[in-house]
Amino acid sequence: MSYSEKARAIERMLNPGVVAVIRADSSEQLMDVARALEAGGVTAMEVTMTTPDAIEVIRAVRKEMGSRVLMGVGTVLDTETCRTALLAGAQFVVTPVMKPDVIALCNRYSVPIVAGAYTPTEALAAHEAGADFIKIFPADGLGPGYIKALKAPLPQLQIIPTGGVDVDTAGDFIRAGCAAVAAGGSLVSKGVLQSKEWDRLTETARRFVQAVATARGGQDRTA
């Protein structure tokens with residue numbers, strides 16, 4: 001990925017500002033999930049490495065949907081997994097914890113990296129190591145107030161909260177200073193996966209996009 005491609009990928013993560021985190025027991029339905037999310041306006045999506053055949057899913061979605069979606073890989077814990085996912089077509093990488101070697105690899109190949117952190121020290125260390133975004137995880141126990149407090153002395157952090165973010169709290173996290181939000185089970189729920197109610201998933205995606213847009217209040221989305 002070139003520098004300009006990386007810049008475009010980051011722009012797509014920031015606009016509309018919702019990253020779908022897809023965790024499933026089976027890879028069979030994930031193509032339908034990707035189509036439903038795109039129909040609802042959520043085009044940045046992350047398949048976690050805990051999903052069976054995650055690498056093949058990434059490759060298949062990239063082949064069928066092309067530039068319509070931005071396909072990422074999540075729960076990356078080592079450089080071997082990271083490199084394999086990038087070769088399969090992953091366009092951004094997400095780690096649950098701070099992994100300097102993974103950050104370095106992504107920077108080497110000009111791929112956006114969202115590095116996991118929980119404390120201010122971890123968040124700043126990930127930023128200084130070269131992470132493009134800081135994934136505050138799990139965010140549900142901390143809440144928007146924590147983000148606001150964290151951003152006061154560390155305004156340079158581009159934060160994407162993950163874990164417990166839902167339609168009702170997404171706007172609060174944006175107003176607290178987050179660059180975007182990531183949503184897993186509150187967006188792609190196990191119930192939807194089991195029932196295959198793809199129209200319902202599309203509607204939930206639309207609601208997330210609207211919540212972020214409303215919270216931004218017409219301001220520059222990349223600010």
# chains A, B, ... in the order shown; residues from 1 in each chain; ligands from 1
>>> residues_around(residues="segment 86-103 of chain A", least_positions_apart="2", cutoff="8 Å", atoms="only C-alpha atoms", output="mmCIF file with C-alpha atoms, in the first residue's frame")
data_model
loop_
_atom_site.group_PDB
_atom_site.id
_atom_site.type_symbol
_atom_site.label_atom_id
_atom_site.label_comp_id
_atom_site.auth_asym_id
_atom_site.auth_seq_id
_atom_site.Cartn_x
_atom_site.Cartn_y
_atom_site.Cartn_z
ATOM 1 C CA ALA A 9 -7.877 4.150 3.793
ATOM 2 C CA GLU A 46 -12.789 -5.817 10.521
ATOM 3 C CA ILE A 55 -7.867 -15.067 6.075
ATOM 4 C CA GLU A 56 -10.001 -16.701 3.383
ATOM 5 C CA ILE A 58 -10.760 -11.372 3.826
ATOM 6 C CA ARG A 59 -9.586 -12.642 0.462
ATOM 7 C CA ARG A 62 -11.896 -8.199 -1.313
ATOM 8 C CA LEU A 70 -12.439 -1.295 3.372
ATOM 9 C CA MET A 71 -11.505 -4.721 4.690
ATOM 10 C CA GLY A 72 -9.466 -5.007 7.867
ATOM 11 C CA VAL A 73 -8.181 -7.753 10.136
ATOM 12 C CA GLY A 74 -8.556 -7.751 13.901
ATOM 13 C CA THR A 75 -7.262 -9.577 16.973
ATOM 14 C CA VAL A 76 -3.770 -9.588 15.462
ATOM 15 C CA LEU A 77 -1.181 -10.644 18.039
ATOM 16 C CA ASP A 78 1.973 -11.249 16.004
ATOM 17 C CA THR A 79 3.768 -10.183 12.845
ATOM 18 C CA CYS A 82 -0.292 -9.614 10.290
ATOM 19 C CA ARG A 83 1.793 -10.333 7.198
ATOM 20 C CA THR A 84 -0.453 -13.229 6.142
ATOM 21 C CA LEU A 105 5.372 -3.942 10.267
ATOM 22 C CA CYS A 106 2.256 -1.957 9.337
ATOM 23 C CA ASN A 107 4.289 1.240 9.092
ATOM 24 C CA VAL A 111 -0.995 0.135 6.230
ATOM 25 C CA PRO A 112 -3.189 1.837 8.861
ATOM 26 C CA ILE A 113 -2.749 0.304 12.305
ATOM 27 C CA VAL A 114 -5.206 0.576 15.202
ATOM 28 C CA ALA A 115 -3.319 -0.392 18.358
ATOM 29 C CA GLY A 116 -5.062 -1.553 21.509
ATOM 30 C CA ALA A 117 -4.504 0.285 24.789
ATOM 31 C CA GLU A 122 -0.199 2.453 26.922
ATOM 32 C CA ALA A 126 1.322 3.094 21.038
ATOM 33 C CA ALA A 129 5.504 3.711 18.333
ATOM 34 C CA GLY A 130 3.686 4.827 15.189
ATOM 35 C CA ALA A 131 0.067 3.709 15.597
ATOM 36 C CA LYS A 135 -8.126 1.425 20.230
ATOM 37 C CA PHE A 137 -10.407 -1.412 24.823
#
>>> residues_around(residues="Ala183 of chain A", least_positions_apart="2", cutoff="8 Å", atoms="only C-alpha atoms", output="PDB file with N, CA and C atoms, in the first residue's frame")
ATOM      1  N   VAL A  18     -17.591   4.738  11.450  1.00  0.00           N
ATOM      2  CA  VAL A  18     -18.051   3.516  12.118  1.00  0.00           C
ATOM      3  C   VAL A  18     -17.294   2.332  11.529  1.00  0.00           C
ATOM      4  N   VAL A  19     -16.619   1.582  12.402  1.00  0.00           N
ATOM      5  CA  VAL A  19     -15.914   0.375  11.980  1.00  0.00           C
ATOM      6  C   VAL A  19     -16.653  -0.822  12.559  1.00  0.00           C
ATOM      7  N   ALA A  20     -17.090  -1.721  11.707  1.00  0.00           N
ATOM      8  CA  ALA A  20     -17.788  -2.923  12.152  1.00  0.00           C
ATOM      9  C   ALA A  20     -16.770  -3.995  12.529  1.00  0.00           C
ATOM     10  N   VAL A  21     -16.931  -4.555  13.718  1.00  0.00           N
ATOM     11  CA  VAL A  21     -16.067  -5.644  14.173  1.00  0.00           C
ATOM     12  C   VAL A  21     -16.870  -6.936  14.062  1.00  0.00           C
ATOM     13  N   THR A 162     -13.606   0.663  21.510  1.00  0.00           N
ATOM     14  CA  THR A 162     -14.119  -0.642  21.106  1.00  0.00           C
ATOM     15  C   THR A 162     -14.522  -1.423  22.349  1.00  0.00           C
ATOM     16  N   GLY A 163     -15.645  -2.134  22.239  1.00  0.00           N
ATOM     17  CA  GLY A 163     -16.111  -2.922  23.367  1.00  0.00           C
ATOM     18  C   GLY A 163     -17.196  -2.191  24.129  1.00  0.00           C
ATOM     19  N   GLY A 164     -18.431  -2.562  23.876  1.00  0.00           N
ATOM     20  CA  GLY A 164     -19.532  -1.925  24.576  1.00  0.00           C
ATOM     21  C   GLY A 164     -20.091  -0.680  23.924  1.00  0.00           C
ATOM     22  N   VAL A 165     -19.573  -0.304  22.760  1.00  0.00           N
ATOM     23  CA  VAL A 165     -20.113   0.859  22.037  1.00  0.00           C
ATOM     24  C   VAL A 165     -21.375   0.419  21.311  1.00  0.00           C
ATOM     25  N   ASP A 166     -22.491   1.128  21.556  1.00  0.00           N
ATOM     26  CA  ASP A 166     -23.731   0.799  20.868  1.00  0.00           C
ATOM     27  C   ASP A 166     -24.339   2.049  20.251  1.00  0.00           C
ATOM     28  N   VAL A 181     -15.819   5.279  15.926  1.00  0.00           N
ATOM     29  CA  VAL A 181     -16.171   4.238  16.882  1.00  0.00           C
ATOM     30  C   VAL A 181     -16.117   2.888  16.190  1.00  0.00           C
ATOM     31  N   GLY A 185     -20.685  -6.753  18.752  1.00  0.00           N
ATOM     32  CA  GLY A 185     -21.953  -7.424  18.974  1.00  0.00           C
ATOM     33  C   GLY A 185     -23.164  -6.519  18.946  1.00  0.00           C
ATOM     34  N   SER A 186     -22.983  -5.236  19.252  1.00  0.00           N
ATOM     35  CA  SER A 186     -24.117  -4.309  19.213  1.00  0.00           C
ATOM     36  C   SER A 186     -24.516  -3.961  17.781  1.00  0.00           C
ATOM     37  N   LEU A 187     -23.641  -4.261  16.827  1.00  0.00           N
ATOM     38  CA  LEU A 187     -23.919  -4.023  15.413  1.00  0.00           C
ATOM     39  C   LEU A 187     -24.170  -5.353  14.698  1.00  0.00           C
ATOM     40  N   VAL A 188     -23.182  -6.224  14.733  1.00  0.00           N
ATOM     41  CA  VAL A 188     -23.319  -7.550  14.114  1.00  0.00           C
ATOM     42  C   VAL A 188     -23.555  -8.554  15.238  1.00  0.00           C
TER      43      VAL A 188
END
>>> select_by_dssp(residues="segment 13-209 of chain A", states="strand (DSSP E)", output="ChimeraX atom specification")
/A:18-22,44-48,70-74,92-94,113-117,133-136,181-183
>>> residues_around(residues="Arg175 of chain A", least_positions_apart="4", cutoff="8 Å", atoms="only C-alpha atoms", output="list in words")
Gly171, Ala215 and Arg216 of chain A
>>> atom_distance(atom1="atom CA of Gly143 of chain A", atom2="atom CA of Met49 of chain A")
25.9 Å
>>> atom_distance(atom1="atom CA of Met45 of chain A", atom2="atom CA of Met13 of chain A")
8.9 Å
>>> atom_distance(atom1="atom CA of Ala39 of chain A", atom2="atom CA of Ile136 of chain A")
27.4 Å
>>> residues_around(residues="Gln210 of chain A", least_positions_apart="4", cutoff="12 Å", atoms="only C-alpha atoms", output="list in words")
Asn15, Pro16, Gly17, Val18, Gly40, Gly41, Val42, Val167, Asp168, Ala170, Gly171, Ile174, Glu203, Thr204, Ala205, Arg206, Thr214, Ala215, Arg216, Gly217 and Gly218 of chain A
>>> residues_around(residues="Met1 of chain A", least_positions_apart="2", cutoff="7 Å", atoms="only C-alpha atoms", output="list in words")
Tyr3, Glu5, Lys6, Tyr109, Ser110 and Val111 of chain A
>>> select_by_dssp(residues="segment 83-150 of chain A", states="helix (DSSP H, G or I)", output="number ranges by chain")
A: 83-88, 100-108, 120-129, 143-150
>>> residues_around(residues="Ile159 of chain A", least_positions_apart="2", cutoff="8 Å", atoms="only C-alpha atoms", output="list in words")
Phe133, Ile134, Lys135, Ile136, Leu157, Pro161, Gly177, Cys178, Ala179 and Ala180 of chain A
>>> write_last_selection(atoms="N, CA and C atoms", output="PDB file, in the first residue's frame")
ATOM      1  N   PHE A 133      -4.105   4.968  14.960  1.00  0.00           N
ATOM      2  CA  PHE A 133      -5.240   5.127  15.868  1.00  0.00           C
ATOM      3  C   PHE A 133      -4.982   4.335  17.138  1.00  0.00           C
ATOM      4  N   ILE A 134      -5.590   4.791  18.230  1.00  0.00           N
ATOM      5  CA  ILE A 134      -5.522   4.074  19.485  1.00  0.00           C
ATOM      6  C   ILE A 134      -6.882   3.459  19.759  1.00  0.00           C
ATOM      7  N   LYS A 135      -6.894   2.154  19.923  1.00  0.00           N
ATOM      8  CA  LYS A 135      -8.126   1.425  20.230  1.00  0.00           C
ATOM      9  C   LYS A 135      -8.241   1.325  21.749  1.00  0.00           C
ATOM     10  N   ILE A 136      -9.060   2.171  22.353  1.00  0.00           N
ATOM     11  CA  ILE A 136      -9.287   2.061  23.784  1.00  0.00           C
ATOM     12  C   ILE A 136     -10.219   0.878  24.004  1.00  0.00           C
ATOM     13  N   LEU A 157      -3.922  12.126  20.327  1.00  0.00           N
ATOM     14  CA  LEU A 157      -4.375  10.757  20.139  1.00  0.00           C
ATOM     15  C   LEU A 157      -5.636  10.705  19.279  1.00  0.00           C
ATOM     16  N   PRO A 161     -12.831   3.919  20.231  1.00  0.00           N
ATOM     17  CA  PRO A 161     -13.227   3.043  21.332  1.00  0.00           C
ATOM     18  C   PRO A 161     -13.859   1.763  20.818  1.00  0.00           C
ATOM     19  N   GLY A 177     -14.594  13.242  21.913  1.00  0.00           N
ATOM     20  CA  GLY A 177     -13.344  13.470  21.196  1.00  0.00           C
ATOM     21  C   GLY A 177     -12.809  12.310  20.397  1.00  0.00           C
ATOM     22  N   CYS A 178     -13.590  11.235  20.268  1.00  0.00           N
ATOM     23  CA  CYS A 178     -13.130  10.079  19.494  1.00  0.00           C
ATOM     24  C   CYS A 178     -13.153  10.384  18.001  1.00  0.00           C
ATOM     25  N   ALA A 179     -12.194   9.816  17.284  1.00  0.00           N
ATOM     26  CA  ALA A 179     -12.103  10.013  15.837  1.00  0.00           C
ATOM     27  C   ALA A 179     -13.149   9.199  15.103  1.00  0.00           C
ATOM     28  N   ALA A 180     -13.509   8.053  15.669  1.00  0.00           N
ATOM     29  CA  ALA A 180     -14.500   7.144  15.099  1.00  0.00           C
ATOM     30  C   ALA A 180     -14.878   6.177  16.210  1.00  0.00           C
TER      31      ALA A 180
END
>>> closest_residue(among="A:Pro144, A:Thr202, A:Lys190, A:Ala182", to="Asp25 of chain A", atoms="only C-alpha atoms")
A:Lys190
>>> closest_residue(among="A:Asp132, A:Glu11, A:Pro120, A:Gly184", to="Lys151 of chain A", atoms="only C-alpha atoms")
A:Pro120
